[in-house]
>>> print(open('my_file_23.txt').read())   # compact mmCIF, C-alpha atoms
# COMPACT_ATOMS: atom_id res chain seq x y z
CA MET M 466 -14.35 -8.43 4.19
CA GLY M 467 -11.21 -7.04 2.56
CA ASN M 468 -9.20 -6.61 5.77
CA THR M 469 -6.58 -9.27 4.96
CA PHE M 470 -3.68 -8.90 2.53
CA GLY M 471 -1.49 -11.68 1.12
CA HIS M 472 -1.62 -15.42 0.44
CA VAL M 473 1.20 -17.12 2.39
CA TYR M 474 2.38 -14.09 4.37
CA ARG M 475 -0.98 -12.74 5.47
CA VAL M 476 -1.71 -9.54 7.38
CA THR M 477 -5.11 -8.70 8.83
CA THR M 478 -5.50 -5.20 10.27
CA TRP M 479 -8.15 -4.17 12.78
CA GLY M 480 -9.30 -1.18 14.82
CA GLU M 481 -10.62 2.34 14.30
CA SER M 482 -9.02 5.76 14.54
CA HIS M 483 -10.77 6.78 17.77
CA GLY M 484 -11.47 3.35 19.28
CA GLY M 485 -9.46 1.60 21.96
CA GLY M 486 -6.57 0.81 19.63
CA VAL M 487 -5.42 -0.55 16.29
CA GLY M 488 -3.30 -3.52 15.34
CA ALA M 489 -2.68 -6.50 13.14
CA VAL M 490 -2.48 -10.27 13.04
CA ILE M 491 0.44 -11.48 10.93
CA ASP M 492 0.25 -15.12 9.81
CA GLY M 493 2.81 -17.05 7.78
CA CYS M 494 6.02 -15.66 9.24
CA PRO M 495 8.55 -18.53 9.46
CA PRO M 496 9.59 -19.78 12.92
CA GLN M 497 12.80 -18.90 14.74
CA ILE M 498 13.07 -15.34 13.42
CA PRO M 499 14.41 -13.12 16.25
CA LEU M 500 11.68 -10.60 17.04
CA ALA M 501 10.91 -8.14 19.83
CA GLU M 502 8.85 -5.00 20.22
CA LYS M 503 12.01 -2.91 19.89
CA ASP M 504 12.40 -4.23 16.33
CA LEU M 505 9.00 -2.86 15.34
CA GLN M 506 9.07 0.48 17.14
CA PRO M 507 11.41 2.41 14.79
CA ASP M 508 9.05 2.06 11.82
CA LEU M 509 6.05 2.97 13.96
CA ASP M 510 7.93 6.07 15.10
CA ARG M 511 8.48 7.04 11.45
CA ARG M 512 4.74 6.69 10.78
CA ARG M 513 3.33 8.20 13.95
CA PRO M 514 1.63 11.61 14.20
CA GLY M 515 3.25 14.51 16.02
CA GLN M 516 6.78 13.65 14.86
CA SER M 517 7.43 17.08 13.31
CA LYS M 518 5.84 20.49 12.78
CA ILE M 519 4.65 19.61 9.26
CA VAL M 520 2.41 16.68 10.23
CA THR M 521 -0.73 16.30 12.34
CA PRO M 522 -0.16 17.40 15.97
CA ARG M 523 -2.09 14.43 17.38
CA LYS M 524 0.08 13.13 20.24
CA GLU M 525 0.39 9.37 20.08
CA ALA M 526 3.41 7.42 21.36
CA ASP M 527 2.28 4.44 19.25
CA ARG M 528 4.00 1.94 21.55
CA CYS M 529 3.37 -1.57 20.30
CA GLU M 530 2.64 -4.70 22.32
CA ILE M 531 3.21 -8.21 20.97
CA LEU M 532 0.38 -10.40 22.23
CA SER M 533 1.14 -13.74 20.56
CA GLY M 534 3.36 -15.67 18.18
CA VAL M 535 6.69 -14.94 19.88
CA PHE M 536 8.39 -16.93 22.63
CA GLY M 537 11.88 -16.55 24.01
CA GLY M 538 12.55 -13.71 21.60
CA LYS M 539 11.81 -15.77 18.47
CA THR M 540 8.79 -16.28 16.25
CA LEU M 541 6.88 -19.52 16.72
CA GLY M 542 5.52 -19.85 13.20
CA THR M 543 2.05 -19.18 14.62
CA PRO M 544 -0.05 -16.00 14.17
CA ILE M 545 1.69 -12.91 15.55
CA SER M 546 -0.75 -10.46 17.07
CA VAL M 547 0.41 -6.90 17.80
CA TRP M 548 -1.52 -3.85 18.87
CA VAL M 549 -1.12 -0.16 19.65
CA ARG M 550 -3.37 1.67 22.09
CA ASN M 551 -5.07 4.93 21.09
CA GLN M 552 -4.18 7.52 23.73
CA ASP M 553 -5.02 10.93 22.27
CA ALA M 554 -8.37 10.29 20.61
CA ARG M 555 -10.75 13.27 20.58
CA PRO M 556 -13.95 12.01 18.97
CA GLU M 557 -15.86 15.13 20.05
CA ALA M 558 -13.90 17.13 17.45
CA TYR M 559 -15.76 15.22 14.73
CA ARG M 560 -19.33 15.67 16.04
CA GLU M 561 -20.33 17.78 13.02
CA MET M 562 -19.33 14.91 10.72
CA GLU M 563 -22.02 12.73 12.29
CA THR M 564 -24.54 14.37 9.99
CA LEU M 565 -22.38 15.86 7.20
CA TYR M 566 -20.32 14.17 4.51
CA ARG M 567 -16.78 15.53 4.17
CA PRO M 568 -15.84 16.27 0.53
CA SER M 569 -13.54 13.64 -1.03
CA HIS M 570 -13.74 11.39 2.06
CA ALA M 571 -15.36 7.97 2.35
CA ASP M 572 -18.20 9.25 4.57
CA TYR M 573 -20.91 9.08 1.90
CA THR M 574 -19.77 5.81 0.29
CA TYR M 575 -19.50 4.02 3.65
CA GLN M 576 -22.95 5.22 4.65
CA ALA M 577 -24.39 4.16 1.30
CA LYS M 578 -22.77 0.72 1.47
CA TYR M 579 -23.31 -0.25 5.11
CA GLY M 580 -26.07 2.06 6.36
CA ILE M 581 -23.80 2.90 9.31
CA ARG M 582 -20.36 4.41 9.73
CA ASN M 583 -17.90 5.46 12.39
CA TRP M 584 -17.78 9.23 11.93
CA GLN M 585 -15.15 9.70 14.67
CA GLY M 586 -12.12 10.51 12.56
CA GLY M 587 -13.22 8.25 9.75
CA GLY M 588 -12.92 4.96 11.63
CA ARG M 589 -11.28 2.36 9.38
CA THR M 590 -10.69 4.88 6.58
CA SER M 591 -8.31 6.87 8.76
CA ALA M 592 -4.58 6.65 8.08
CA ARG M 593 -4.32 5.34 11.63
CA GLU M 594 -5.38 1.95 10.24
CA THR M 595 -1.97 1.79 8.52
CA ILE M 596 -0.31 1.05 11.86
CA GLY M 597 -1.23 -2.60 11.29
CA ARG M 598 0.37 -2.53 7.84
CA VAL M 599 3.58 -1.00 9.21
CA LEU M 600 3.70 -3.69 11.89
CA GLY M 601 3.37 -6.39 9.22
CA GLY M 602 6.03 -4.72 7.10
CA SER M 603 8.45 -4.45 10.02
CA ILE M 604 8.11 -8.16 10.76
CA ALA M 605 8.70 -8.90 7.06
CA LYS M 606 11.82 -6.71 7.18
CA LYS M 607 13.08 -8.69 10.17
CA MET M 608 12.39 -11.93 8.28
CA PHE M 609 14.39 -10.72 5.29
CA SER M 610 17.28 -9.64 7.53
CA GLN M 611 17.67 -13.33 8.40
CA LEU M 612 16.76 -14.98 5.08
CA VAL M 613 17.75 -12.41 2.40
CA PRO M 614 20.03 -9.93 4.19
CA ARG M 615 21.03 -8.13 0.97
CA LEU M 616 17.44 -6.99 0.33
CA SER M 617 16.53 -3.42 1.29
CA VAL M 618 13.51 -1.20 0.69
CA THR M 619 13.89 2.59 0.68
CA ALA M 620 11.07 5.02 -0.10
CA PHE M 621 11.38 8.79 -0.27
CA VAL M 622 9.38 11.85 -1.28
CA ARG M 623 10.03 12.52 -4.97
CA GLN M 624 7.57 15.40 -5.42
CA VAL M 625 5.55 17.86 -3.34
CA GLY M 626 3.05 19.88 -5.34
CA SER M 627 4.99 21.06 -8.40
CA VAL M 628 8.45 20.71 -6.80
CA VAL M 629 10.33 17.61 -8.01
CA ALA M 630 13.53 16.15 -6.53
CA ARG M 631 16.27 15.80 -9.15
CA LEU M 632 18.35 13.07 -7.47
CA GLU M 633 18.28 9.69 -9.23
CA ALA M 634 16.70 6.87 -7.21
CA ASP M 635 19.82 4.70 -7.28
CA ARG M 636 21.72 7.46 -5.45
CA VAL M 637 19.18 7.81 -2.65
CA GLU M 638 20.21 6.49 0.77
CA ALA M 639 17.87 5.84 3.67
CA LYS M 640 19.96 7.84 6.16
CA GLU M 641 19.68 10.93 3.96
CA VAL M 642 15.92 10.49 3.62
CA GLU M 643 15.47 10.22 7.38
CA ALA M 644 17.67 13.26 8.06
CA ASN M 645 14.86 15.77 7.37
CA PRO M 646 11.14 15.90 8.28
CA VAL M 647 9.93 15.90 4.65
CA ARG M 648 11.88 12.70 3.88
CA TRP M 649 13.26 14.51 0.86
CA PRO M 650 16.31 12.88 -0.79
CA ASP M 651 18.31 16.12 -1.09
CA ALA M 652 18.98 17.67 2.33
CA LYS M 653 19.93 21.00 0.74
CA GLU M 654 16.40 21.42 -0.63
CA ALA M 655 14.50 20.09 2.39
CA ASN M 656 14.02 23.43 4.16
CA GLN M 657 12.40 24.86 1.02
CA LEU M 658 9.82 22.07 1.16
CA VAL M 659 9.21 22.59 4.88
CA ARG M 660 8.45 26.27 4.24
CA LEU M 661 6.13 25.37 1.37
CA ILE M 662 4.13 22.90 3.49
CA GLU M 663 3.94 25.34 6.41
CA ARG M 664 2.69 28.12 4.12
CA VAL M 665 -0.02 25.94 2.60
CA ARG M 666 -1.10 24.81 6.07
CA SER M 667 -1.36 28.45 7.21
CA GLU M 668 -3.72 29.02 4.28
CA GLY M 669 -5.95 26.20 5.50
CA ASP M 670 -5.08 24.07 2.50
CA SER M 671 -3.12 20.89 1.65
CA LEU M 672 -0.63 19.47 -0.84
CA GLY M 673 -0.17 16.20 -2.70
CA GLY M 674 2.81 14.66 -4.43
CA VAL M 675 4.73 11.50 -5.25
CA VAL M 676 6.55 8.89 -3.17
CA GLU M 677 9.19 6.84 -4.98
CA CYS M 678 10.46 3.47 -3.77
CA ILE M 679 13.59 1.49 -4.64
CA VAL M 680 14.09 -2.18 -3.73
CA ARG M 681 17.72 -3.27 -3.82
CA GLY M 682 18.94 -6.87 -3.66
CA CYS M 683 15.63 -8.49 -4.61
CA PRO M 684 16.08 -12.17 -5.61
CA VAL M 685 15.38 -13.16 -9.20
CA GLY M 686 12.10 -15.01 -9.72
CA LEU M 687 9.59 -13.33 -7.39
CA GLY M 688 6.14 -12.90 -8.90
CA GLU M 689 3.76 -14.89 -11.04
CA PRO M 690 3.33 -14.47 -14.83
CA VAL M 691 -0.44 -13.90 -15.07
CA PHE M 692 -2.79 -12.54 -12.40
CA ASP M 693 -0.28 -12.24 -9.54
CA ARG M 694 2.39 -10.35 -11.44
CA LEU M 695 4.80 -8.70 -9.03
CA GLU M 696 4.12 -5.19 -10.33
CA ALA M 697 0.36 -5.81 -10.21
CA ASP M 698 0.54 -6.85 -6.57
CA LEU M 699 2.76 -3.87 -5.76
CA ALA M 700 0.21 -1.62 -7.44
CA LYS M 701 -2.66 -3.14 -5.48
CA ALA M 702 -0.69 -2.86 -2.25
CA VAL M 703 0.22 0.81 -2.48
CA MET M 704 -3.07 1.81 -4.11
CA SER M 705 -4.84 0.47 -1.03
CA LEU M 706 -3.16 3.20 1.05
CA PRO M 707 -5.24 6.25 2.01
CA ALA M 708 -4.99 9.15 -0.49
CA SER M 709 -3.13 7.14 -3.16
CA LYS M 710 -4.24 7.98 -6.70
CA GLY M 711 -1.69 6.58 -9.15
CA PHE M 712 1.07 4.00 -9.70
CA GLU M 713 3.85 3.56 -12.23
CA ILE M 714 6.90 1.30 -12.37
CA GLY M 715 10.17 1.73 -14.23
CA SER M 716 9.73 4.12 -17.16
CA GLY M 717 6.03 4.32 -16.33
CA PHE M 718 3.95 6.71 -18.41
CA ALA M 719 7.08 8.41 -19.76
CA GLY M 720 7.86 5.19 -21.62
CA VAL M 721 5.05 5.79 -24.11
CA ARG M 722 7.15 8.54 -25.70
CA MET M 723 9.91 6.06 -26.61
CA ARG M 724 10.26 3.53 -29.37
CA GLY M 725 10.90 -0.11 -28.60
CA SER M 726 14.50 0.23 -29.73
CA GLU M 727 15.01 2.91 -27.07
CA HIS M 728 12.95 1.33 -24.35
CA ASN M 729 14.19 -2.28 -24.38
CA ASP M 730 16.59 -3.27 -21.60
CA GLU M 731 19.48 -5.10 -23.30
CA PHE M 732 20.98 -8.06 -21.45
CA TYR M 733 24.66 -8.71 -20.76
CA MET M 734 26.69 -11.08 -18.58
CA ASP M 735 28.24 -9.69 -15.40
CA GLY M 736 30.35 -12.67 -14.35
CA LYS M 737 27.80 -15.43 -13.89
CA ARG M 738 24.89 -13.03 -13.45
CA VAL M 739 22.49 -11.88 -16.17
CA ARG M 740 22.14 -8.09 -16.01
CA THR M 741 20.38 -5.34 -17.99
CA ARG M 742 22.23 -2.26 -19.26
CA THR M 743 19.21 -0.05 -18.55
CA ASN M 744 16.34 -0.55 -16.13
CA ARG M 745 13.28 0.84 -17.85
CA SER M 746 11.40 -2.29 -16.78
CA GLY M 747 11.86 -1.19 -13.18
CA GLY M 748 13.24 -4.56 -12.07
CA VAL M 749 10.24 -6.60 -13.20
CA GLN M 750 9.76 -8.37 -16.55
CA GLY M 751 6.83 -10.60 -17.38
CA GLY M 752 5.52 -10.07 -13.85
CA ILE M 753 8.70 -11.61 -12.34
CA SER M 754 11.66 -9.88 -10.67
CA ASN M 755 14.83 -9.92 -12.77
CA GLY M 756 17.34 -9.05 -10.03
CA GLU M 757 17.72 -5.38 -10.94
CA ASP M 758 16.53 -2.63 -8.61
CA ILE M 759 12.74 -2.45 -8.43
CA ILE M 760 11.77 1.20 -8.81
CA PHE M 761 8.21 2.53 -8.71
CA ARG M 762 6.28 5.67 -7.85
CA VAL M 763 2.98 6.33 -6.08
CA ALA M 764 0.94 9.53 -6.47
CA PHE M 765 -0.89 10.85 -3.41
CA LYS M 766 -3.66 13.44 -3.65
CA PRO M 767 -3.76 16.57 -1.50
CA VAL M 768 -5.14 15.69 1.93
CA ALA M 769 -8.94 15.91 1.73
CA THR M 770 -9.40 17.47 5.17
CA ILE M 771 -8.72 21.19 4.90
CA ALA M 772 -9.51 24.19 7.08
CA LYS M 773 -11.48 26.01 4.41
CA PHE M 774 -15.25 26.29 4.09
CA GLN M 775 -16.59 23.73 1.60
CA LYS M 776 -20.01 22.90 0.25
CA THR M 777 -21.40 19.44 0.96
CA VAL M 778 -24.61 17.59 1.81
CA GLY M 779 -25.90 15.98 4.98
CA ILE M 780 -27.30 12.55 5.77
CA GLN M 781 -30.81 13.94 5.26
CA GLY M 782 -30.00 14.79 1.64
CA LYS M 783 -29.90 18.57 2.10
CA ASN M 784 -27.21 20.96 0.91
CA ALA M 785 -24.92 22.22 3.64
CA GLY M 786 -21.44 23.58 4.32
CA LEU M 787 -18.65 22.80 6.75
CA LYS M 788 -15.15 23.77 7.78
CA ALA M 789 -13.11 20.77 8.86
CA ARG M 790 -12.06 20.37 12.47
CA GLY M 791 -9.65 18.01 14.16
CA ARG M 792 -5.93 17.46 13.65
CA HIS M 793 -4.72 16.59 10.19
CA ASP M 794 -1.63 16.49 7.98
CA PRO M 795 -1.26 19.36 5.51
CA CYS M 796 0.73 16.92 3.36
CA VAL M 797 0.52 13.14 3.76
CA LEU M 798 3.79 12.38 1.96
CA PRO M 799 6.33 12.35 4.85
CA ARG M 800 4.26 9.82 6.79
CA ALA M 801 3.37 7.89 3.63
CA VAL M 802 7.03 6.92 3.12
CA PRO M 803 7.06 4.18 5.82
CA MET M 804 3.60 3.08 4.68
CA VAL M 805 4.82 2.54 1.11
CA GLU M 806 7.85 0.65 2.41
CA ALA M 807 5.61 -1.54 4.56
CA MET M 808 3.25 -2.47 1.73
CA THR M 809 6.24 -3.23 -0.50
CA LEU M 810 7.68 -5.54 2.15
CA LEU M 811 4.33 -7.32 2.52
CA VAL M 812 4.25 -8.06 -1.22
CA LEU M 813 7.88 -9.19 -1.32
CA ALA M 814 7.49 -11.39 1.76
CA ASP M 815 4.42 -13.07 0.33
CA HIS M 816 6.03 -13.72 -3.06
CA TYR M 817 9.31 -14.82 -1.49
CA LEU M 818 7.58 -17.47 0.64
CA ARG M 819 5.44 -18.58 -2.30
CA ASP M 820 8.51 -18.92 -4.50
CA ARG M 821 10.40 -20.81 -1.80
CA ALA M 822 7.53 -23.26 -1.42
CA GLN M 823 7.33 -23.91 -5.18
CA ASN M 824 10.99 -23.76 -6.22
CA ASP M 825 13.12 -24.32 -3.13
CA GLN M 826 14.47 -27.70 -4.22
CA ARG M 827 15.14 -26.56 -7.79
CA ARG M 828 17.10 -23.48 -6.68
CA LYS M 829 19.43 -25.49 -4.38
>>> encode(input="my_file_23.txt", output="structure tokens")
Amino acid sequence: MGNTFGHVYRVTTWGESHGGGVGAVIDGCPPQIPLAEKDLQPDLDRRRPGQSKIVTPRKEADRCEILSGVFGGKTLGTPISVWVRNQDARPEAYREMETLYRPSHADYTYQAKYGIRNWQGGGRTSARETIGRVLGGSIAKKMFSQLVPRLSVTAFVRQVGSVVARLEADRVEAKEVEANPVRWPDAKEANQLVRLIERVRSEGDSLGGVVECIVRGCPVGLGEPVFDRLEADLAKAVMSLPASKGFEIGSGFAGVRMRGSEHNDEFYMDGKRVRTRTNRSGGVQGGISNGEDIIFRVAFKPVATIAKFQKTVGIQGKNAGLKARGRHDPCVLPRAVPMVEAMTLLVLADHYLRDRAQNDQRRK
């Protein structure tokens, strides 16, 4: 239950953090889209552990294998199955968690719901599950490169703790984001953030923050006006990521301080195209994309696993204490960037294919 995302472009993820591997089945991708494992690997490399000194040191190559749905270098239109083997699993590091609930983790709620749980690294609740999402997002990106080549999705770290990047989203470029391990939009400030994360890790603690995402070149008309509003589906998508705690689009919560006369995005004609002079709607109006940049932000809590002693309870209902073991990120944000991009691409791919099925003849 709840392991599949999407309607037309559907992604089902599977696997546990310390099992044999993790992966996804992607259904609904159109046929004849060029696709190979080398197309998927770059995004997996951006998500993988061990990529820098400010993330978990778990050593995983995260090499993907396409098992089905591709022939002769092109998609068949049938389910695409891809998986990644787990190579550096150390379940013994989590033995204490077999009987103790980690604060702010899903240990207690899983046990209460199912009566059983995989305590080895959290099983399905581990961020390692997001490999399947990134695979689905990479395939969606490849699809868009053929069908809507102007569309691009770029996420970046907007805030770490109390430090906020000042660069406007429309000035952020992917190559600048990927040029530093924090995925901070301003390279001049990146080293300051690295030192902050390293210091907090040395104290046995963790940091949270905000990831911002900008979608450029999105077609007009994606999204539905009631329950499947584009911003609602984006919110559901990114709020399903581990450690996510908040979502806002466009002006977001800051918009409540404005009056309608300030907040409204006035229209004007740019040649034959309808444009807005401001973009406080964040590229979505009435649940439907309006062709402007889609800009939203996702808040991520401080990583729950910390190397400090904490009070908790055990499976027998007795008070206890523990100090976390294992290998964990002191700040999830750098690795959350490709995850946010992937979930955004899943939503856009699903709505694009739904719109094409409903309105293809009318738009020609």
>>> residues_around(input="my_file_23.txt", residues="range 522-530 of chain M", least_positions_apart="3", cutoff="6 Å", atoms="all atoms listed in the file", output="list in words")
Pro514, Gly515, Val547, Trp548, Val549 and Asp553 of chain M
>>> closest_residue(input="my_file_23.txt", among="M:Gln497, M:Asn755, M:Ser517, M:Gln552", to="Pro684 in chain M", atoms="only C-alpha atoms")
M:Asn755
>>> residues_around(input="my_file_23.txt", residues="Ala489 in chain M", least_positions_apart="6", cutoff="7 Å", atoms="only C-alpha atoms", output="ChimeraX atom specification")
/M:476-479,546-548,597
>>> residues_around(input="my_file_23.txt", residues="range 564-566 of chain M", least_positions_apart="5", cutoff="7 Å", atoms="all atoms listed in the file", output="CSV table (one decimal) with C-alpha atoms, keeping the file's coordinate frame")
chain,number,residue,atom,x,y,z
M,572,ASP,CA,-18.2,9.2,4.6
M,573,TYR,CA,-20.9,9.1,1.9
M,777,THR,CA,-21.4,19.4,1.0
M,778,VAL,CA,-24.6,17.6,1.8
M,779,GLY,CA,-25.9,16.0,5.0
M,780,ILE,CA,-27.3,12.6,5.8
>>> atom_distance(input="my_file_23.txt", atom1="CA of Arg475 in chain M", atom2="CA of Ala702 in chain M")
12.5 Å
>>> closest_residue(input="my_file_23.txt", among="M:Pro795, M:Gly485, M:Pro499, M:Gly782", to="Glu668 in chain M", atoms="only C-alpha atoms")
M:Pro795
>>> closest_atom_pairs(input="my_file_23.txt", of="range 745-820 of chain M", to="range 670-677 of chain M", cutoff="6 Å", atoms="only C-alpha atoms", output="JSON lines")
{"residue": "M:Phe761", "atom": "CA", "partner": "M:Glu677", "partner_atom": "CA", "distance": 5.8}
{"residue": "M:Arg762", "atom": "CA", "partner": "M:Glu677", "partner_atom": "CA", "distance": 4.3}
{"residue": "M:Val763", "atom": "CA", "partner": "M:Val676", "partner_atom": "CA", "distance": 5.3}
{"residue": "M:Ala764", "atom": "CA", "partner": "M:Val675", "partner_atom": "CA", "distance": 4.4}
{"residue": "M:Phe765", "atom": "CA", "partner": "M:Gly674", "partner_atom": "CA", "distance": 5.4}
{"residue": "M:Lys766", "atom": "CA", "partner": "M:Gly673", "partner_atom": "CA", "distance": 4.5}
{"residue": "M:Pro767", "atom": "CA", "partner": "M:Gly673", "partner_atom": "CA", "distance": 3.8}
{"residue": "M:Val768", "atom": "CA", "partner": "M:Ser671", "partner_atom": "CA", "distance": 5.6}
{"residue": "M:Ile771", "atom": "CA", "partner": "M:Asp670", "partner_atom": "CA", "distance": 5.2}
{"residue": "M:Pro795", "atom": "CA", "partner": "M:Ser671", "partner_atom": "CA", "distance": 4.5}
{"residue": "M:Cys796", "atom": "CA", "partner": "M:Leu672", "partner_atom": "CA", "distance": 5.1}
>>> closest_residue(input="my_file_23.txt", among="M:Ala501, M:Val797, M:Leu612, M:Leu787", to="Leu600 in chain M", atoms="all atoms listed in the file")
M:Ala501
>>> closest_residue(input="my_file_23.txt", among="M:Tyr733, M:Leu616, M:Thr741, M:Lys701", to="Phe470 in chain M", atoms="all atoms listed in the file")
M:Lys701
>>> residues_around(input="my_file_23.txt", residues="Arg589 in chain M", least_positions_apart="3", cutoff="12 Å", atoms="only C-alpha atoms", output="list in words")
Gly467, Asn468, Thr478, Trp479, Gly480, Glu481, Ser482, His483, Gly484, Gly486, Val487, Gly488, His570, Ala571, Asp572, Tyr575, Arg582, Asn583, Trp584, Gln585, Gly586, Ala592, Arg593, Glu594, Thr595, Ile596, Gly597, Leu706 and Pro707 of chain M
>>> closest_residue(input="my_file_23.txt", among="M:Pro646, M:Gly717, M:Gly537, M:Gly588", to="Glu696 in chain M", atoms="only C-alpha atoms")
M:Gly717
>>> closest_residue(input="my_file_23.txt", among="M:Gly720, M:Gly601, M:Pro690, M:Gly534", to="Asn744 in chain M", atoms="all atoms listed in the file")
M:Gly720
>>> atom_distance(input="my_file_23.txt", atom1="CA of Phe774 in chain M", atom2="CA of Gly626 in chain M")
21.6 Å
>>> decode(input="my_file_23.txt", residues="range 582-605 of chain M", atoms="N, CA and C atoms", output="JSON list (two decimals), in the first residue's frame")
[["chain", "number", "residue", "atom", "x", "y", "z"],
["M", 582, "ARG", "N", 8.74, -4.60, 12.13],
["M", 582, "ARG", "CA", 9.45, -3.56, 11.39],
["M", 582, "ARG", "C", 10.86, -4.02, 11.09],
["M", 583, "ASN", "N", 11.43, -3.45, 10.04],
["M", 583, "ASN", "CA", 12.83, -3.70, 9.71],
["M", 583, "ASN", "C", 13.67, -2.66, 10.43],
["M", 584, "TRP", "N", 14.33, -3.04, 11.50],
["M", 584, "TRP", "CA", 15.08, -2.09, 12.31],
["M", 584, "TRP", "C", 16.48, -1.84, 11.76],
["M", 585, "GLN", "N", 16.86, -2.53, 10.69],
["M", 585, "GLN", "CA", 18.20, -2.37, 10.11],
["M", 585, "GLN", "C", 18.24, -1.10, 9.25],
["M", 586, "GLY", "N", 18.58, 0.00, 9.88],
["M", 586, "GLY", "CA", 18.67, 1.25, 9.14],
["M", 586, "GLY", "C", 17.34, 1.87, 8.80],
["M", 587, "GLY", "N", 16.27, 1.36, 9.34],
["M", 587, "GLY", "CA", 14.96, 1.93, 9.10],
["M", 587, "GLY", "C", 14.19, 1.30, 7.96],
["M", 588, "GLY", "N", 14.82, 0.37, 7.23],
["M", 588, "GLY", "CA", 14.09, -0.32, 6.17],
["M", 588, "GLY", "C", 13.57, 0.62, 5.11],
["M", 589, "ARG", "N", 12.26, 0.64, 4.89],
["M", 589, "ARG", "CA", 11.64, 1.48, 3.86],
["M", 589, "ARG", "C", 11.64, 2.96, 4.23],
["M", 590, "THR", "N", 11.81, 3.28, 5.51],
["M", 590, "THR", "CA", 11.80, 4.69, 5.90],
["M", 590, "THR", "C", 13.15, 5.36, 5.68],
["M", 591, "SER", "N", 14.15, 4.60, 5.33],
["M", 591, "SER", "CA", 15.46, 5.16, 5.06],
["M", 591, "SER", "C", 15.45, 6.00, 3.79],
["M", 592, "ALA", "N", 16.31, 7.01, 3.74],
["M", 592, "ALA", "CA", 16.44, 7.82, 2.53],
["M", 592, "ALA", "C", 16.96, 7.00, 1.36],
["M", 593, "ARG", "N", 17.43, 5.81, 1.64],
["M", 593, "ARG", "CA", 17.91, 4.95, 0.53],
["M", 593, "ARG", "C", 16.75, 4.55, -0.38],
["M", 594, "GLU", "N", 15.53, 4.54, 0.15],
["M", 594, "GLU", "CA", 14.36, 4.26, -0.68],
["M", 594, "GLU", "C", 14.23, 5.25, -1.83],
["M", 595, "THR", "N", 14.76, 6.47, -1.65],
["M", 595, "THR", "CA", 14.58, 7.51, -2.67],
["M", 595, "THR", "C", 15.36, 7.22, -3.95],
["M", 596, "ILE", "N", 16.21, 6.21, -3.94],
["M", 596, "ILE", "CA", 16.88, 5.81, -5.19],
["M", 596, "ILE", "C", 15.84, 5.54, -6.27],
["M", 597, "GLY", "N", 14.78, 4.84, -5.91],
["M", 597, "GLY", "CA", 13.74, 4.52, -6.89],
["M", 597, "GLY", "C", 13.06, 5.76, -7.43],
["M", 598, "ARG", "N", 12.88, 6.77, -6.59],
["M", 598, "ARG", "CA", 12.28, 8.03, -7.03],
["M", 598, "ARG", "C", 13.20, 8.76, -8.01],
["M", 599, "VAL", "N", 14.50, 8.77, -7.68],
["M", 599, "VAL", "CA", 15.47, 9.44, -8.55],
["M", 599, "VAL", "C", 15.55, 8.73, -9.90],
["M", 600, "LEU", "N", 15.46, 7.41, -9.90],
["M", 600, "LEU", "CA", 15.43, 6.69, -11.16],
["M", 600, "LEU", "C", 14.22, 7.10, -12.00],
["M", 601, "GLY", "N", 13.05, 7.17, -11.36],
["M", 601, "GLY", "CA", 11.84, 7.58, -12.07],
["M", 601, "GLY", "C", 11.94, 9.00, -12.59],
["M", 602, "GLY", "N", 12.53, 9.89, -11.78],
["M", 602, "GLY", "CA", 12.71, 11.26, -12.20],
["M", 602, "GLY", "C", 13.68, 11.40, -13.36],
["M", 603, "SER", "N", 14.74, 10.60, -13.35],
["M", 603, "SER", "CA", 15.72, 10.65, -14.44],
["M", 603, "SER", "C", 15.11, 10.20, -15.76],
["M", 604, "ILE", "N", 14.27, 9.18, -15.70],
["M", 604, "ILE", "CA", 13.60, 8.73, -16.92],
["M", 604, "ILE", "C", 12.63, 9.80, -17.41],
["M", 605, "ALA", "N", 11.93, 10.46, -16.47],
["M", 605, "ALA", "CA", 11.04, 11.55, -16.86],
["M", 605, "ALA", "C", 11.83, 12.69, -17.50]]
